Structure formats: C-alpha cells, structure tokens
>>> print(open('input.cif').read())   # mmCIF, C-alpha atoms
data_entry
#
loop_
_atom_site.label_atom_id
_atom_site.label_comp_id
_atom_site.auth_asym_id
_atom_site.auth_seq_id
_atom_site.Cartn_x
_atom_site.Cartn_y
_atom_site.Cartn_z
CA MET O 1 14.66 -2.08 8.63
CA GLY O 2 11.30 -1.01 7.19
CA VAL O 3 12.91 0.48 4.10
CA VAL O 4 14.78 -2.80 3.54
CA LEU O 5 11.49 -4.72 3.76
CA ILE O 6 9.85 -2.38 1.27
CA VAL O 7 12.76 -2.75 -1.17
CA THR O 8 12.62 -6.53 -0.70
CA PHE O 9 8.89 -6.61 -1.49
CA LEU O 10 9.35 -4.41 -4.57
CA THR O 11 12.17 -6.69 -5.72
CA LEU O 12 10.23 -9.91 -5.20
CA PHE O 13 6.80 -8.91 -6.46
CA ARG O 14 6.89 -7.58 -10.00
CA GLY O 15 4.59 -7.81 -12.96
CA MET O 16 1.27 -9.48 -12.19
CA SER O 17 2.32 -10.20 -8.58
CA ASN O 18 2.94 -6.47 -8.02
CA ILE O 19 -0.53 -6.25 -6.47
CA LEU O 20 0.95 -7.86 -3.36
CA ASN O 21 3.02 -4.71 -2.87
CA ALA O 22 -0.21 -2.75 -2.44
CA LEU O 23 -0.81 -4.83 0.67
CA LEU O 24 2.70 -5.42 1.99
CA VAL O 25 4.22 -1.95 1.55
CA PRO O 26 1.48 0.00 3.42
CA LEU O 27 1.34 -2.78 6.03
CA THR O 28 5.08 -2.36 6.56
CA MET O 29 4.86 1.43 6.64
CA ILE O 30 2.11 1.37 9.25
CA SER O 31 3.56 -1.34 11.47
CA VAL O 32 7.13 -0.01 11.45
CA THR O 33 6.11 3.56 12.25
CA GLU O 34 3.14 2.95 14.56
CA PRO O 35 4.67 4.05 17.88
CA GLU O 36 6.77 6.78 16.26
CA SER O 37 6.27 10.52 16.36
CA PRO O 38 4.86 12.28 13.28
CA ARG O 39 8.34 13.66 12.58
CA ASN O 40 9.93 10.19 12.63
CA ARG O 41 7.13 8.82 10.43
CA ALA O 42 7.75 11.63 7.95
CA VAL O 43 11.50 10.92 7.91
CA PHE O 44 10.87 7.20 7.39
CA THR O 45 8.36 7.90 4.62
CA LEU O 46 10.71 10.31 2.87
CA ALA O 47 13.58 7.82 3.11
CA ALA O 48 11.41 5.03 1.70
CA VAL O 49 10.17 7.19 -1.19
CA LEU O 50 13.71 8.36 -2.02
CA VAL O 51 15.14 4.83 -1.97
CA VAL O 52 12.29 3.53 -4.12
CA SER O 53 12.66 6.42 -6.58
CA LEU O 54 16.37 5.60 -6.97
CA LEU O 55 16.05 1.82 -7.22
CA TYR O 56 12.64 1.42 -8.87
CA PRO O 57 11.58 4.64 -10.61
CA TYR O 58 8.63 2.86 -12.26
CA GLN O 59 7.26 2.12 -8.78
CA LEU O 60 7.44 5.75 -7.63
CA VAL O 61 3.84 6.63 -8.50
CA PHE O 62 2.60 3.45 -6.82
CA MET O 63 4.80 4.17 -3.79
CA LEU O 64 3.08 7.54 -3.42
CA LEU O 65 -0.25 5.67 -3.42
CA TYR O 66 1.04 3.36 -0.69
CA VAL O 67 2.04 6.40 1.39
CA LEU O 68 -1.45 7.82 0.91
CA MET O 69 -3.06 4.50 1.89
CA SER O 70 -0.93 4.34 5.04
CA ALA O 71 -1.83 7.90 5.99
CA ALA O 72 -5.54 7.28 5.33
CA TYR O 73 -5.53 4.17 7.50
CA ARG O 74 -3.74 5.99 10.31
CA GLN O 75 -6.27 8.87 10.15
CA MET O 76 -9.23 6.51 10.22
CA LYS O 77 -7.76 4.61 13.15
CA GLN O 78 -7.12 7.82 15.09
CA ARG O 79 -10.72 8.88 14.47
CA ASP O 80 -11.96 5.47 15.64
CA VAL O 81 -13.69 4.74 12.31
CA SER O 82 -15.42 1.35 12.24
CA VAL O 83 -13.72 -1.57 10.51
CA GLY O 84 -16.41 -1.66 7.81
CA LEU O 85 -15.92 2.00 6.96
CA GLN O 86 -12.13 1.53 7.00
CA VAL O 87 -12.48 -1.24 4.42
CA LEU O 88 -14.92 0.82 2.36
CA GLY O 89 -12.75 3.94 2.45
CA LEU O 90 -9.49 2.13 1.73
CA GLY O 91 -11.16 0.04 -0.99
CA ILE O 92 -12.41 3.09 -2.86
CA LEU O 93 -9.13 4.96 -2.28
CA SER O 94 -7.21 1.95 -3.60
CA GLN O 95 -9.34 1.65 -6.73
CA ILE O 96 -9.03 5.34 -7.59
CA GLY O 97 -5.37 5.30 -6.57
CA PHE O 98 -4.55 2.21 -8.65
CA TRP O 99 -6.05 3.79 -11.74
CA ALA O 100 -4.34 7.13 -11.09
CA ALA O 101 -1.03 5.34 -10.49
CA ILE O 102 -1.44 3.32 -13.68
CA LEU O 103 -2.21 6.47 -15.69
CA GLY O 104 0.64 8.35 -13.98
CA THR O 105 3.14 5.58 -14.66
CA ASP O 106 2.01 5.46 -18.29
CA ALA O 107 2.35 9.25 -18.61
CA PHE O 108 5.70 9.64 -16.83
CA PHE O 109 7.48 6.52 -18.03
CA GLY O 110 5.75 5.66 -21.31
CA THR O 111 4.48 2.30 -20.09
CA ARG O 112 1.26 0.79 -21.43
CA ILE O 113 -0.20 -0.60 -18.22
CA ASN O 114 -3.60 1.04 -18.77
CA ALA O 115 -3.88 -0.42 -22.29
CA PHE O 116 -2.89 -3.85 -20.96
CA MET O 117 -5.44 -3.67 -18.12
CA LEU O 118 -8.11 -2.54 -20.57
CA MET O 119 -7.24 -5.47 -22.84
CA LEU O 120 -7.57 -7.86 -19.87
CA ALA O 121 -11.02 -6.38 -19.22
CA GLY O 122 -12.10 -7.14 -22.78
CA GLY O 123 -11.81 -3.53 -23.86
CA SER O 124 -14.47 -2.39 -21.38
CA LEU O 125 -13.52 0.57 -19.17
CA PRO O 126 -16.37 -0.09 -16.68
CA ARG O 127 -15.22 -3.72 -16.38
CA MET O 128 -11.64 -2.59 -15.83
CA LEU O 129 -12.74 -0.16 -13.12
CA LEU O 130 -14.79 -2.93 -11.50
CA ILE O 131 -11.70 -5.18 -11.51
CA LEU O 132 -9.68 -2.38 -9.90
CA LEU O 133 -12.45 -1.87 -7.32
CA LEU O 134 -12.47 -5.57 -6.45
CA GLU O 135 -8.67 -5.49 -6.16
CA GLY O 136 -8.98 -2.39 -4.00
CA PHE O 137 -11.42 -4.05 -1.62
CA ALA O 138 -9.28 -7.19 -1.43
CA ILE O 139 -6.27 -5.05 -0.52
CA ALA O 140 -8.33 -3.02 1.97
CA VAL O 141 -9.57 -6.16 3.74
CA GLY O 142 -6.04 -7.58 3.86
CA LEU O 143 -4.61 -4.29 5.12
CA VAL O 144 -7.20 -3.64 7.84
CA PHE O 145 -7.24 -7.18 9.17
CA GLY O 146 -3.49 -7.68 8.65
CA ILE O 147 -2.72 -4.64 10.80
CA ARG O 148 -5.19 -5.76 13.46
CA PHE O 149 -3.55 -9.21 13.51
CA LEU O 150 -0.06 -7.68 13.78
CA GLU O 151 -1.16 -5.38 16.58
CA ARG O 152 -2.70 -8.23 18.59
CA THR O 153 0.36 -10.42 18.04
CA LEU O 154 2.83 -7.70 18.99
CA ASN O 155 0.80 -6.76 22.06
CA ARG O 156 1.13 -10.34 23.31
CA ILE O 157 4.90 -10.27 22.95
CA ASP O 158 6.74 -8.81 25.92
CA LEU O 159 9.63 -7.06 24.19
CA SER O 160 11.15 -6.03 27.50
CA SER O 161 11.97 -9.58 28.58
CA SER O 162 15.44 -10.88 27.94
CA ASP O 163 14.47 -14.54 27.77
CA GLY O 164 15.44 -14.63 24.09
#
>>> encode(input="input.cif", output="structure tokens")
Amino acid sequence: MGVVLIVTFLTLFRGMSNILNALLVPLTMISVTEPESPRNRAVFTLAAVLVVSLLYPYQLVFMLLYVLMSAAYRQMKQRDVSVGLQVLGLGILSQIGFWAAILGTDAFFGTRINAFMLMLAGGSLPRMLLILLLEGFAIAVGLVFGIRFLERTLNRIDLSSSDG
C-alpha cells in the first residue's frame, strides 16, 4: 500500500508542485514502516525505489534523497533528539539533498533544473541556496510535525476493535 501511495504522489505532484513529494514520500515511508523490522523496512524501501526507477526515472535521484530523509528522521527519533534539532538537521539535509538531487538529475538525465532554479533566483547562487534552505526547513517542519500528528492519531485508534 505504501508503494502505491508513493507512486500516486509522484503522479499527482509534478513540476513546481513536486516539492510536495519531499514531504509526502518520506512521511509515507516512515509511517508505513514504523512498526516493521529493519529487514521489512529495507524490503519496502527497495521495492519503492525499484518501482519509482521503472515508472519515473527522473525522480530516482530525488527518491534516494527521500530514503535518506526517512532514515535520518528514524535515527534522530531513536536517539531521542529534540524536535528543534530534528527540524534543523532535516532542514539542512533537505537543502543539501535538494541541490545534490537537482545536480544529479541534470547530470544523469540532461535536465536543466539547476539552470532554471538559478534563473528563478535572479542568477544568484547564494540566493538559490537560501531558497533551497527555506524549502528544506519548510519540509522539515512539515515532516517532523506531520509524523508526530500521525503517531498521536494512530495511537488513539484501537485497531483491534471490530466495530468498523
């Protein structure tokens, strides 16, 4: 089911709305695999990456970033890192990862995403990196608080009852 959600998000959010995938895909990966063993998480992650690479090869580099973001969040949560440091760490990781994914997609697939982003930033690399940092922090806040909201909501639901 998680792989289907990821494919659905990648299908729905393209172009300028693709930034939503940076929130929704890791959120899905974390929430779907939370109670699972490391082996099952690895199998799910591999399946998701393979399906994405077959259906959306241009998204492959970004999908690897989403896997990294999910793993980083899980590690910070296991180490009981404060919410502020989770947001800081994921924000910086996202900014660096977005730029690396943009450069990787340009290199592997011949796209011109970096040139387009630079044009949007008025030709200023520092401004572009600041935009990516702000996007990274927005995604980090959404991810950290979105997961906390999902966890609280799911903990209130008694899945063992058959009251439908």
>>> resolve_selection(input="input.cif", expression="the PyMOL selection byres ((chain O and resi 24) around 12)", output="PyMOL selection string")
chain O and resi 2-3+5-10+12-13+17-23+25-32+63+66-67+69-70+139-140+142-144+146-147
>>> write_last_selection(input="input.cif", atoms="C-alpha atoms", output="PDB file, keeping the file's coordinate frame")
ATOM      1  CA  GLY O   2      11.300  -1.010   7.190  1.00  0.00           C
ATOM      2  CA  VAL O   3      12.910   0.480   4.100  1.00  0.00           C
ATOM      3  CA  LEU O   5      11.490  -4.720   3.760  1.00  0.00           C
ATOM      4  CA  ILE O   6       9.850  -2.380   1.270  1.00  0.00           C
ATOM      5  CA  VAL O   7      12.760  -2.750  -1.170  1.00  0.00           C
ATOM      6  CA  THR O   8      12.620  -6.530  -0.700  1.00  0.00           C
ATOM      7  CA  PHE O   9       8.890  -6.610  -1.490  1.00  0.00           C
ATOM      8  CA  LEU O  10       9.350  -4.410  -4.570  1.00  0.00           C
ATOM      9  CA  LEU O  12      10.230  -9.910  -5.200  1.00  0.00           C
ATOM     10  CA  PHE O  13       6.800  -8.910  -6.460  1.00  0.00           C
ATOM     11  CA  SER O  17       2.320 -10.200  -8.580  1.00  0.00           C
ATOM     12  CA  ASN O  18       2.940  -6.470  -8.020  1.00  0.00           C
ATOM     13  CA  ILE O  19      -0.530  -6.250  -6.470  1.00  0.00           C
ATOM     14  CA  LEU O  20       0.950  -7.860  -3.360  1.00  0.00           C
ATOM     15  CA  ASN O  21       3.020  -4.710  -2.870  1.00  0.00           C
ATOM     16  CA  ALA O  22      -0.210  -2.750  -2.440  1.00  0.00           C
ATOM     17  CA  LEU O  23      -0.810  -4.830   0.670  1.00  0.00           C
ATOM     18  CA  VAL O  25       4.220  -1.950   1.550  1.00  0.00           C
ATOM     19  CA  PRO O  26       1.480   0.000   3.420  1.00  0.00           C
ATOM     20  CA  LEU O  27       1.340  -2.780   6.030  1.00  0.00           C
ATOM     21  CA  THR O  28       5.080  -2.360   6.560  1.00  0.00           C
ATOM     22  CA  MET O  29       4.860   1.430   6.640  1.00  0.00           C
ATOM     23  CA  ILE O  30       2.110   1.370   9.250  1.00  0.00           C
ATOM     24  CA  SER O  31       3.560  -1.340  11.470  1.00  0.00           C
ATOM     25  CA  VAL O  32       7.130  -0.010  11.450  1.00  0.00           C
ATOM     26  CA  MET O  63       4.800   4.170  -3.790  1.00  0.00           C
ATOM     27  CA  TYR O  66       1.040   3.360  -0.690  1.00  0.00           C
ATOM     28  CA  VAL O  67       2.040   6.400   1.390  1.00  0.00           C
ATOM     29  CA  MET O  69      -3.060   4.500   1.890  1.00  0.00           C
ATOM     30  CA  SER O  70      -0.930   4.340   5.040  1.00  0.00           C
ATOM     31  CA  ILE O 139      -6.270  -5.050  -0.520  1.00  0.00           C
ATOM     32  CA  ALA O 140      -8.330  -3.020   1.970  1.00  0.00           C
ATOM     33  CA  GLY O 142      -6.040  -7.580   3.860  1.00  0.00           C
ATOM     34  CA  LEU O 143      -4.610  -4.290   5.120  1.00  0.00           C
ATOM     35  CA  VAL O 144      -7.200  -3.640   7.840  1.00  0.00           C
ATOM     36  CA  GLY O 146      -3.490  -7.680   8.650  1.00  0.00           C
ATOM     37  CA  ILE O 147      -2.720  -4.640  10.800  1.00  0.00           C
TER      38      ILE O 147
END
>>> residues_around(input="input.cif", residues="segment 101-107 of chain O", least_positions_apart="4", cutoff="7 Å", atoms="only C-alpha atoms", output="PyMOL selection string")
chain O and resi 58+61-62+97+111-114
>>> residues_near_point(input="input.cif", point="(-12.9, -5.5, 0.5)", cutoff="10 Å", atoms="all atoms listed in the file", output="list of chain:residue names")
O:Gly84, O:Gln86, O:Val87, O:Leu88, O:Gly89, O:Leu90, O:Gly91, O:Ile92, O:Leu133, O:Leu134, O:Glu135, O:Gly136, O:Phe137, O:Ala138, O:Ile139, O:Ala140, O:Val141, O:Gly142, O:Leu143, O:Val144
>>> axis_aligned_box(input="input.cif", around="segment 150-154 of chain O", padding_each_side="6 Å", output="lines of an AutoDock Vina configuration file")
center_x = 0.1
center_y = -7.9
center_z = 16.4
size_x = 17.5
size_y = 17.0
size_z = 17.2
>>> atom_distance(input="input.cif", atom1="atom CA of Phe98 of chain O", atom2="atom CA of Leu65 of chain O")
7.6 Å
>>> closest_residue(input="input.cif", among="O:Leu60, O:Val52, O:Leu132, O:Leu118", to="Leu93 of chain O", atoms="all atoms listed in the file")
O:Leu132
>>> atom_distance(input="input.cif", atom1="atom CA of Met16 of chain O", atom2="atom CA of Leu68 of chain O")
21.9 Å
>>> closest_residue(input="input.cif", among="O:Ser124, O:Leu130, O:Ala71, O:Arg79", to="Ile96 of chain O", atoms="all atoms listed in the file")
O:Leu130
>>> atom_distance(input="input.cif", atom1="atom CA of Ile157 of chain O", atom2="atom CA of Val4 of chain O")
23.0 Å
>>> closest_residue(input="input.cif", among="O:Thr11, O:Asn155, O:Gln95, O:Gln75", to="Gln59 of chain O", atoms="all atoms listed in the file")
O:Thr11
>>> decode(input="input.cif", residues="segment 94-141 of chain O", atoms="N, CA and C atoms", output="CSV table (one decimal), in the first residue's frame")
chain,number,residue,atom,x,y,z
O,94,SER,N,17.9,18.4,3.9
O,94,SER,CA,17.0,18.6,2.7
O,94,SER,C,17.6,19.6,1.7
O,95,GLN,N,18.1,20.7,2.3
O,95,GLN,CA,18.7,21.8,1.4
O,95,GLN,C,19.9,21.2,0.6
O,96,ILE,N,20.8,20.5,1.3
O,96,ILE,CA,21.9,19.9,0.6
O,96,ILE,C,21.5,18.8,-0.4
O,97,GLY,N,20.5,18.0,0.1
O,97,GLY,CA,20.0,16.9,-0.7
O,97,GLY,C,19.2,17.4,-1.9
O,98,PHE,N,18.4,18.5,-1.8
O,98,PHE,CA,17.7,19.0,-2.9
O,98,PHE,C,18.7,19.5,-4.0
O,99,TRP,N,19.8,20.2,-3.6
O,99,TRP,CA,20.7,20.7,-4.6
O,99,TRP,C,21.5,19.5,-5.2
O,100,ALA,N,21.9,18.5,-4.4
O,100,ALA,CA,22.5,17.4,-5.0
O,100,ALA,C,21.6,16.6,-5.9
O,101,ALA,N,20.4,16.5,-5.5
O,101,ALA,CA,19.4,15.8,-6.4
O,101,ALA,C,19.2,16.5,-7.7
O,102,ILE,N,19.1,17.9,-7.6
O,102,ILE,CA,19.0,18.7,-8.8
O,102,ILE,C,20.2,18.5,-9.7
O,103,LEU,N,21.4,18.6,-9.2
O,103,LEU,CA,22.6,18.4,-9.9
O,103,LEU,C,22.7,17.0,-10.5
O,104,GLY,N,22.3,16.0,-9.7
O,104,GLY,CA,22.4,14.6,-10.2
O,104,GLY,C,21.4,14.4,-11.3
O,105,THR,N,20.2,14.9,-11.2
O,105,THR,CA,19.2,14.7,-12.2
O,105,THR,C,19.6,15.4,-13.5
O,106,ASP,N,20.2,16.6,-13.4
O,106,ASP,CA,20.8,17.3,-14.5
O,106,ASP,C,21.9,16.5,-15.2
O,107,ALA,N,22.8,15.9,-14.4
O,107,ALA,CA,23.9,15.1,-14.9
O,107,ALA,C,23.4,13.8,-15.5
O,108,PHE,N,22.6,13.1,-14.9
O,108,PHE,CA,22.2,11.8,-15.4
O,108,PHE,C,21.1,11.8,-16.5
O,109,PHE,N,20.3,12.8,-16.5
O,109,PHE,CA,19.2,12.8,-17.4
O,109,PHE,C,19.2,14.0,-18.4
O,110,GLY,N,20.2,14.9,-18.2
O,110,GLY,CA,20.3,16.0,-19.1
O,110,GLY,C,19.2,17.1,-19.0
O,111,THR,N,18.6,17.1,-17.8
O,111,THR,CA,17.6,18.2,-17.5
O,111,THR,C,18.4,19.5,-17.2
O,112,ARG,N,17.6,20.5,-17.1
O,112,ARG,CA,18.2,21.9,-16.8
O,112,ARG,C,17.6,22.5,-15.5
O,113,ILE,N,17.3,21.6,-14.5
O,113,ILE,CA,16.6,22.1,-13.3
O,113,ILE,C,17.5,23.1,-12.6
O,114,ASN,N,18.8,22.9,-12.5
O,114,ASN,CA,19.7,23.8,-11.8
O,114,ASN,C,19.7,25.2,-12.5
O,115,ALA,N,19.8,25.2,-13.8
O,115,ALA,CA,19.7,26.5,-14.5
O,115,ALA,C,18.4,27.2,-14.3
O,116,PHE,N,17.3,26.4,-14.3
O,116,PHE,CA,16.0,27.0,-14.1
O,116,PHE,C,15.9,27.6,-12.7
O,117,MET,N,16.4,26.9,-11.7
O,117,MET,CA,16.3,27.4,-10.3
O,117,MET,C,17.2,28.6,-10.1
O,118,LEU,N,18.4,28.6,-10.8
O,118,LEU,CA,19.3,29.7,-10.7
O,118,LEU,C,18.6,31.0,-11.4
O,119,MET,N,17.9,30.7,-12.5
O,119,MET,CA,17.2,31.8,-13.2
O,119,MET,C,16.1,32.4,-12.2
O,120,LEU,N,15.4,31.5,-11.5
O,120,LEU,CA,14.3,32.0,-10.6
O,120,LEU,C,14.9,32.8,-9.5
O,121,ALA,N,16.2,32.5,-9.1
O,121,ALA,CA,16.9,33.2,-8.0
O,121,ALA,C,17.6,34.4,-8.6
O,122,GLY,N,17.3,34.9,-9.8
O,122,GLY,CA,17.9,36.1,-10.3
O,122,GLY,C,19.4,35.9,-10.7
O,123,GLY,N,19.8,34.7,-10.9
O,123,GLY,CA,21.2,34.4,-11.3
O,123,GLY,C,22.1,34.3,-10.1
O,124,SER,N,21.6,34.4,-8.9
O,124,SER,CA,22.4,34.4,-7.7
O,124,SER,C,22.5,33.0,-7.1
O,125,LEU,N,23.6,32.4,-7.0
O,125,LEU,CA,23.8,31.1,-6.4
O,125,LEU,C,23.5,31.2,-4.9
O,126,PRO,N,24.0,32.2,-4.2
O,126,PRO,CA,23.6,32.3,-2.7
O,126,PRO,C,22.1,32.4,-2.5
O,127,ARG,N,21.5,33.2,-3.4
O,127,ARG,CA,20.0,33.3,-3.2
O,127,ARG,C,19.3,32.0,-3.5
O,128,MET,N,19.8,31.3,-4.5
O,128,MET,CA,19.2,30.0,-4.8
O,128,MET,C,19.4,29.0,-3.7
O,129,LEU,N,20.6,29.0,-3.1
O,129,LEU,CA,20.8,28.1,-1.9
O,129,LEU,C,20.0,28.5,-0.7
O,130,LEU,N,19.7,29.8,-0.6
O,130,LEU,CA,18.9,30.3,0.5
O,130,LEU,C,17.4,29.8,0.3
O,131,ILE,N,17.0,29.9,-1.0
O,131,ILE,CA,15.6,29.4,-1.3
O,131,ILE,C,15.5,27.9,-1.0
O,132,LEU,N,16.6,27.1,-1.4
O,132,LEU,CA,16.6,25.7,-1.1
O,132,LEU,C,16.6,25.4,0.4
O,133,LEU,N,17.3,26.3,1.1
O,133,LEU,CA,17.3,26.1,2.6
O,133,LEU,C,16.0,26.4,3.2
O,134,LEU,N,15.3,27.4,2.7
O,134,LEU,CA,14.0,27.7,3.2
O,134,LEU,C,13.0,26.6,2.9
O,135,GLU,N,13.1,26.1,1.7
O,135,GLU,CA,12.3,24.9,1.3
O,135,GLU,C,12.6,23.8,2.2
O,136,GLY,N,13.9,23.5,2.5
O,136,GLY,CA,14.3,22.4,3.3
O,136,GLY,C,13.7,22.5,4.7
O,137,PHE,N,13.7,23.7,5.3
O,137,PHE,CA,13.2,23.9,6.6
O,137,PHE,C,11.7,23.8,6.6
O,138,ALA,N,11.0,24.2,5.6
O,138,ALA,CA,9.5,24.1,5.5
O,138,ALA,C,9.2,22.6,5.4
O,139,ILE,N,9.9,21.8,4.6
O,139,ILE,CA,9.7,20.4,4.5
O,139,ILE,C,10.0,19.7,5.9
O,140,ALA,N,11.1,20.1,6.5
O,140,ALA,CA,11.5,19.5,7.8
O,140,ALA,C,10.4,19.7,8.8
O,141,VAL,N,9.9,21.0,8.9
O,141,VAL,CA,8.8,21.3,9.9
O,141,VAL,C,7.6,20.4,9.6
